[in-house]
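upload-v4.tsv follows (TSV, C-alpha atoms):
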chain	number	residue	atom	x	y	z
A	1	MET	CA	26.02	125.96	109.87
A	2	ILE	CA	23.05	123.62	109.76
A	3	ALA	CA	20.37	123.06	107.14
A	4	GLY	CA	18.86	126.39	106.19
A	5	GLY	CA	22.13	128.24	106.86
A	6	GLU	CA	21.59	128.72	110.58
A	7	LYS	CA	24.41	128.35	113.07
A	8	ARG	CA	24.50	125.24	115.21
A	9	PRO	CA	23.90	126.14	118.90
A	10	ARG	CA	27.03	124.26	119.99
A	11	SER	CA	30.39	125.97	120.24
A	12	VAL	CA	33.87	125.74	121.71
A	13	LEU	CA	35.93	128.14	123.77
A	14	VAL	CA	39.70	127.60	123.72
A	15	VAL	CA	41.90	129.48	126.18
A	16	ILE	CA	45.43	129.59	124.76
A	17	HIS	CA	48.03	130.29	127.43
A	18	THR	CA	51.61	129.69	128.56
A	19	PRO	CA	52.79	127.99	131.78
A	20	ALA	CA	53.36	131.50	133.18
A	21	MET	CA	49.67	132.21	132.42
A	22	ASP	CA	50.14	134.70	129.64
A	23	VAL	CA	46.83	134.44	127.81
A	24	LEU	CA	46.19	135.08	124.13
A	25	LEU	CA	43.25	137.39	123.47
A	26	LEU	CA	41.77	138.25	120.09
A	27	HIS	CA	39.99	141.53	119.30
A	28	ARG	CA	36.82	140.94	117.31
A	29	GLN	CA	36.06	143.01	114.22
A	30	GLN	CA	33.16	145.44	114.21
A	31	PRO	CA	30.27	145.35	114.81
A	32	PHE	CA	31.16	143.20	117.81
A	33	ASP	CA	34.31	144.98	119.07
A	34	PHE	CA	35.32	142.94	122.11
A	35	TRP	CA	38.22	140.83	123.37
A	36	GLN	CA	37.96	137.07	123.67
A	37	SER	CA	39.77	133.76	123.48
A	38	VAL	CA	39.32	131.51	120.44
A	39	THR	CA	35.65	130.59	119.95
A	40	GLY	CA	33.54	129.06	117.24
A	41	SER	CA	30.51	127.00	116.35
A	42	LEU	CA	30.68	123.30	115.58
A	43	GLU	CA	30.21	122.28	111.96
A	44	PRO	CA	27.74	119.45	111.15
A	45	ASP	CA	29.04	116.07	112.38
A	46	GLU	CA	32.05	117.73	114.07
A	47	THR	CA	33.04	116.90	117.64
A	48	PRO	CA	33.92	119.67	120.10
A	49	ARG	CA	37.59	118.58	120.06
A	50	GLU	CA	37.69	118.70	116.24
A	51	ALA	CA	36.10	122.15	116.33
A	52	ALA	CA	38.67	123.35	118.89
A	53	VAL	CA	41.58	122.25	116.69
A	54	ARG	CA	39.99	123.78	113.58
A	55	GLU	CA	39.05	127.08	115.23
A	56	VAL	CA	42.52	127.57	116.75
A	57	PHE	CA	44.08	127.10	113.32
A	58	GLU	CA	41.53	129.30	111.51
A	59	GLU	CA	41.67	132.16	114.03
A	60	THR	CA	45.39	132.14	114.95
A	61	GLY	CA	47.28	130.11	112.35
A	62	LEU	CA	48.54	127.85	115.16
A	63	SER	CA	48.57	124.16	114.32
A	64	ALA	CA	48.44	121.86	117.32
A	65	PRO	CA	47.63	118.15	117.57
A	66	ASP	CA	44.28	117.27	119.10
A	67	TYR	CA	45.95	115.60	122.10
A	68	ALA	CA	47.46	118.97	123.11
A	69	PHE	CA	44.00	120.37	123.84
A	70	LEU	CA	42.77	119.89	127.39
A	71	ASP	CA	39.02	119.26	127.55
A	72	TRP	CA	37.90	120.61	130.91
A	73	GLY	CA	34.68	118.57	130.85
A	74	LEU	CA	32.83	121.86	131.23
A	75	ASN	CA	29.82	122.76	129.12
A	76	ASN	CA	28.43	126.25	129.64
A	77	ARG	CA	24.83	126.81	128.58
A	78	TYR	CA	23.80	130.42	128.15
A	79	PRO	CA	21.13	132.48	126.38
A	80	ILE	CA	22.12	133.72	122.95
A	81	PRO	CA	22.10	137.54	123.03
A	82	PRO	CA	19.12	138.91	121.08
A	83	LYS	CA	21.38	140.79	118.63
A	84	TRP	CA	22.83	137.44	117.45
A	85	ARG	CA	19.75	135.24	117.64
A	86	HIS	CA	18.92	135.84	113.95
A	87	ARG	CA	21.92	133.64	113.07
A	88	TYR	CA	20.16	130.58	114.56
A	89	ALA	CA	16.97	128.67	113.84
A	90	PRO	CA	13.89	130.51	115.19
A	91	GLU	CA	13.32	128.04	118.04
A	92	VAL	CA	16.91	128.28	119.32
A	93	SER	CA	17.46	130.52	122.35
A	94	HIS	CA	20.52	128.98	124.08
A	95	ASN	CA	24.02	127.88	123.12
A	96	THR	CA	26.12	125.17	124.74
A	97	GLU	CA	29.85	125.90	124.82
A	98	THR	CA	32.55	123.28	125.54
A	99	VAL	CA	35.69	124.61	127.25
A	100	PHE	CA	39.22	123.64	126.17
A	101	SER	CA	42.66	125.02	126.81
A	102	LEU	CA	45.91	124.85	124.92
A	103	CYS	CA	49.12	125.49	126.84
A	104	LEU	CA	52.04	126.66	124.70
A	105	PRO	CA	55.62	126.82	126.01
A	106	THR	CA	55.92	130.55	125.19
A	107	PRO	CA	53.81	133.22	123.46
A	108	LEU	CA	53.95	132.45	119.74
A	109	PRO	CA	53.35	134.74	116.76
A	110	ILE	CA	49.74	134.73	115.58
A	111	THR	CA	48.30	134.96	112.07
A	112	LEU	CA	44.85	136.49	112.40
A	113	ASP	CA	41.81	135.82	110.24
A	114	ALA	CA	41.20	139.47	109.27
A	115	ALA	CA	37.52	138.77	108.60
A	116	GLU	CA	37.03	137.98	112.29
A	117	HIS	CA	39.74	139.74	114.30
A	118	HIS	CA	41.87	142.84	113.97
A	119	GLY	CA	44.13	142.46	116.97
A	120	ALA	CA	45.81	139.93	119.22
A	121	GLU	CA	47.66	140.34	122.49
A	122	TRP	CA	49.37	138.08	125.00
A	123	LEU	CA	48.43	139.35	128.47
A	124	PRO	CA	48.96	138.19	132.04
A	125	ALA	CA	45.85	136.26	133.15
A	126	ARG	CA	44.68	139.02	135.53
A	127	ASP	CA	44.84	141.64	132.76
A	128	ALA	CA	43.16	139.27	130.30
A	129	ILE	CA	40.27	138.66	132.72
A	130	ASP	CA	39.74	142.42	133.02
A	131	ARG	CA	39.55	142.81	129.24
A	132	ILE	CA	37.34	139.81	128.34
A	133	TRP	CA	33.65	140.59	127.81
A	134	SER	CA	32.21	137.07	128.31
A	135	TRP	CA	31.69	135.63	131.80
A	136	THR	CA	32.28	132.09	130.49
A	137	ASN	CA	35.60	133.18	128.99
A	138	ARG	CA	36.67	134.95	132.21
A	139	ASP	CA	35.78	131.82	134.24
A	140	ALA	CA	37.74	129.61	131.82
A	141	VAL	CA	40.88	131.75	132.22
A	142	ARG	CA	40.49	131.56	136.01
A	143	LEU	CA	40.18	127.77	135.72
A	144	CYS	CA	43.32	127.52	133.55
A	145	ALA	CA	45.28	129.61	136.05
A	146	ARG	CA	44.88	126.76	138.54
A	147	ILE	CA	46.51	124.04	136.41
A	148	ASP	CA	49.96	122.54	136.77
A	149	PRO	CA	52.22	124.28	134.20
A	150	ARG	CA	53.83	120.94	133.37
A	151	ILE	CA	50.76	120.22	131.25
A	152	SER	CA	52.57	122.01	128.42
A	153	ALA	CA	55.26	119.30	128.27
A	154	THR	CA	53.34	117.25	125.68
A	155	PHE	CA	52.96	120.19	123.31
A	156	THR	CA	56.54	121.35	123.88
A	157	ARG	CA	57.75	117.93	122.71
A	158	HIS	CA	55.46	118.18	119.67
A	159	LEU	CA	56.83	121.62	118.75
A	160	ALA	CA	60.41	120.38	119.11
A	161	SER	CA	59.75	117.36	116.88
A	162	THR	CA	58.01	119.39	114.14
A	163	SER	CA	60.63	122.13	114.06
A	164	LYS	CA	63.32	119.57	113.22
A	165	ASN	CA	61.52	118.53	110.04
Mind turning the file's structure into structure tokens?
Amino acid sequence: MIAGGEKRPRSVLVVIHTPAMDVLLLHRQQPFDFWQSVTGSLEPDETPREAAVREVFEETGLSAPDYAFLDWGLNNRYPIPPKWRHRYAPEVSHNTETVFSLCLPTPLPITLDAAEHHGAEWLPARDAIDRIWSWTNRDAVRLCARIDPRISATFTRHLASTSKN
């Protein structure tokens, strides 16, 4: 939120997936009622990477180091749907979304924030794309499907080291 309680028109989208391209989708609570990856607005003075780490933890309970998040260098700018525009300052009409991904070695159990989501599923990328409502989210899953699965090696090592403690 920014001064006056409005949302900041900067957000992150984080596609969480496995090397086999099983993709985590979250089902939004009413009144929204749609499937998506992790998303969220940046807090004041927060970088997109910091927001990605925070949002993944808040929405899934997954704790991952910031270096495990791949910043795709992609910023989507899109009009804010009229039904949500009241959450922003009156002069704001567009949001800019920075795309990240987080590759996990296997599907992990999720702890949902019940205020935001009421369901989570790990789906093959093709099925996830069919279920996602947002074009930017669908495009991000398609982009992730093209990466080398070895990218998960860094996070796999992190999980191994933290599970020993």
Pick from A:Arg87, A:Trp122, A:His94, A:Gly73: nearest to Pro109 of chain A, with only C-alpha atoms counted?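 Among the listed residues, the smallest separation from Pro109 of chain A belongs to A:Trp122.
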Can you pull out the residues contacting segment 16-21 of chain A? Cut-off 7 Å, using all atoms listed in the file, and skip same-chain residues under 2 positions away; I want them as a ChimeraX atom specification. /A:14,23-24,101-107,124-125,145,149,152
Could those selected residues go to a file with C-alpha atoms, as a short mmCIF file (atom, residue, chain, number, x, y, z; two decimals), keeping the file's coordinate frame?
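So the final result, stored in out.cif, reads:
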data_model
loop_
_atom_site.label_atom_id
_atom_site.label_comp_id
_atom_site.auth_asym_id
_atom_site.auth_seq_id
_atom_site.Cartn_x
_atom_site.Cartn_y
_atom_site.Cartn_z
CA VAL A 14 39.70 127.60 123.72
CA VAL A 23 46.83 134.44 127.81
CA LEU A 24 46.19 135.08 124.13
CA SER A 101 42.66 125.02 126.81
CA LEU A 102 45.91 124.85 124.92
CA CYS A 103 49.12 125.49 126.84
CA LEU A 104 52.04 126.66 124.70
CA PRO A 105 55.62 126.82 126.01
CA THR A 106 55.92 130.55 125.19
CA PRO A 107 53.81 133.22 123.46
CA PRO A 124 48.96 138.19 132.04
CA ALA A 125 45.85 136.26 133.15
CA ALA A 145 45.28 129.61 136.05
CA PRO A 149 52.22 124.28 134.20
CA SER A 152 52.57 122.01 128.42
#
If you measure from atom CA of Glu121 of chain A to atom CA of Cys144 of chain A, what distance in Å do you get, rounded to one decimal? 17.5 Å
Between A:His118, A:Gln36, A:Thr47, A:Glu6, smallest distance to Trp135 of chain A by all atoms listed in the file belongs to A:Gln36
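Closest approach to Phe69 of chain A among A:Leu123, A:Val12, A:Val92, A:Leu26: A:Val12, based on all atoms listed in the file.
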Could you check the closest approach to Asp71 of chain A for each of A:His86, A:Ala140, A:Asp113, A:Leu25 and tell me which residue wins, using all atoms listed in the file? A:Ala140
Provide the atom CA of Asp127 of chain A to atom CA of Leu143 of chain A distance in Å, to one decimal place. 14.9 Å
Pick out the closest residue to Arg126 of chain A from this set: A:Arg10, A:Phe57, A:Glu50, A:Asp22. Count all atoms listed in the file.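 Of all the options, A:Asp22 lies closest to Arg126 of chain A.
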Applying 8 Å and only C-alpha atoms, which residues near Tyr88 of chain A remain after dropping the ones on its own chain fewer than 6 positions away? List them as a PyMOL selection string. chain A and resi 6-9
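Taking all atoms listed in the file into account, Ile129 of chain A lies nearest to A:Arg142 out of the set A:Arg77, A:His117, A:Arg142, A:His27.
For the pair atom CA of Glu59 of chain A and atom CA of Pro81 of chain A, the interatomic distance is 22.2 Å.
For Ser134 of chain A, the set of protein, DNA and RNA residues having any atom at most 12 Å away, when counting only C-alpha atoms and skipping those fewer than 5 positions along the same chain, is Leu13, Phe34, Trp35, Gln36, Ser37, Val38, Thr39, Asn76, Tyr78, Ile80, Pro81, Glu97, Ala128, Ile129, Asp139, Ala140 and Val141 of chain A.
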Please write the residues from the selection above to a file, keeping C-alpha atoms, as a compact mmCIF listing (two decimals), keeping the file's coordinate frame.
# COMPACT_ATOMS: atom_id res chain seq x y z
CA LEU A 13 35.93 128.14 123.77
CA PHE A 34 35.32 142.94 122.11
CA TRP A 35 38.22 140.83 123.37
CA GLN A 36 37.96 137.07 123.67
CA SER A 37 39.77 133.76 123.48
CA VAL A 38 39.32 131.51 120.44
CA THR A 39 35.65 130.59 119.95
CA ASN A 76 28.43 126.25 129.64
CA TYR A 78 23.80 130.42 128.15
CA ILE A 80 22.12 133.72 122.95
CA PRO A 81 22.10 137.54 123.03
CA GLU A 97 29.85 125.90 124.82
CA ALA A 128 43.16 139.27 130.30
CA ILE A 129 40.27 138.66 132.72
CA ASP A 139 35.78 131.82 134.24
CA ALA A 140 37.74 129.61 131.82
CA VAL A 141 40.88 131.75 132.22
Once 4 Å is added on each side, what are the centre and the three edge lengths, in Å to one decimal, of the axis-aligned box enclosing the listed atoms of segment 60-76 of chain A? Present them as lines of an AutoDock Vina configuration file.
center_x = 38.5
center_y = 123.9
center_z = 121.8
size_x = 28.1
size_y = 24.5
size_z = 26.9
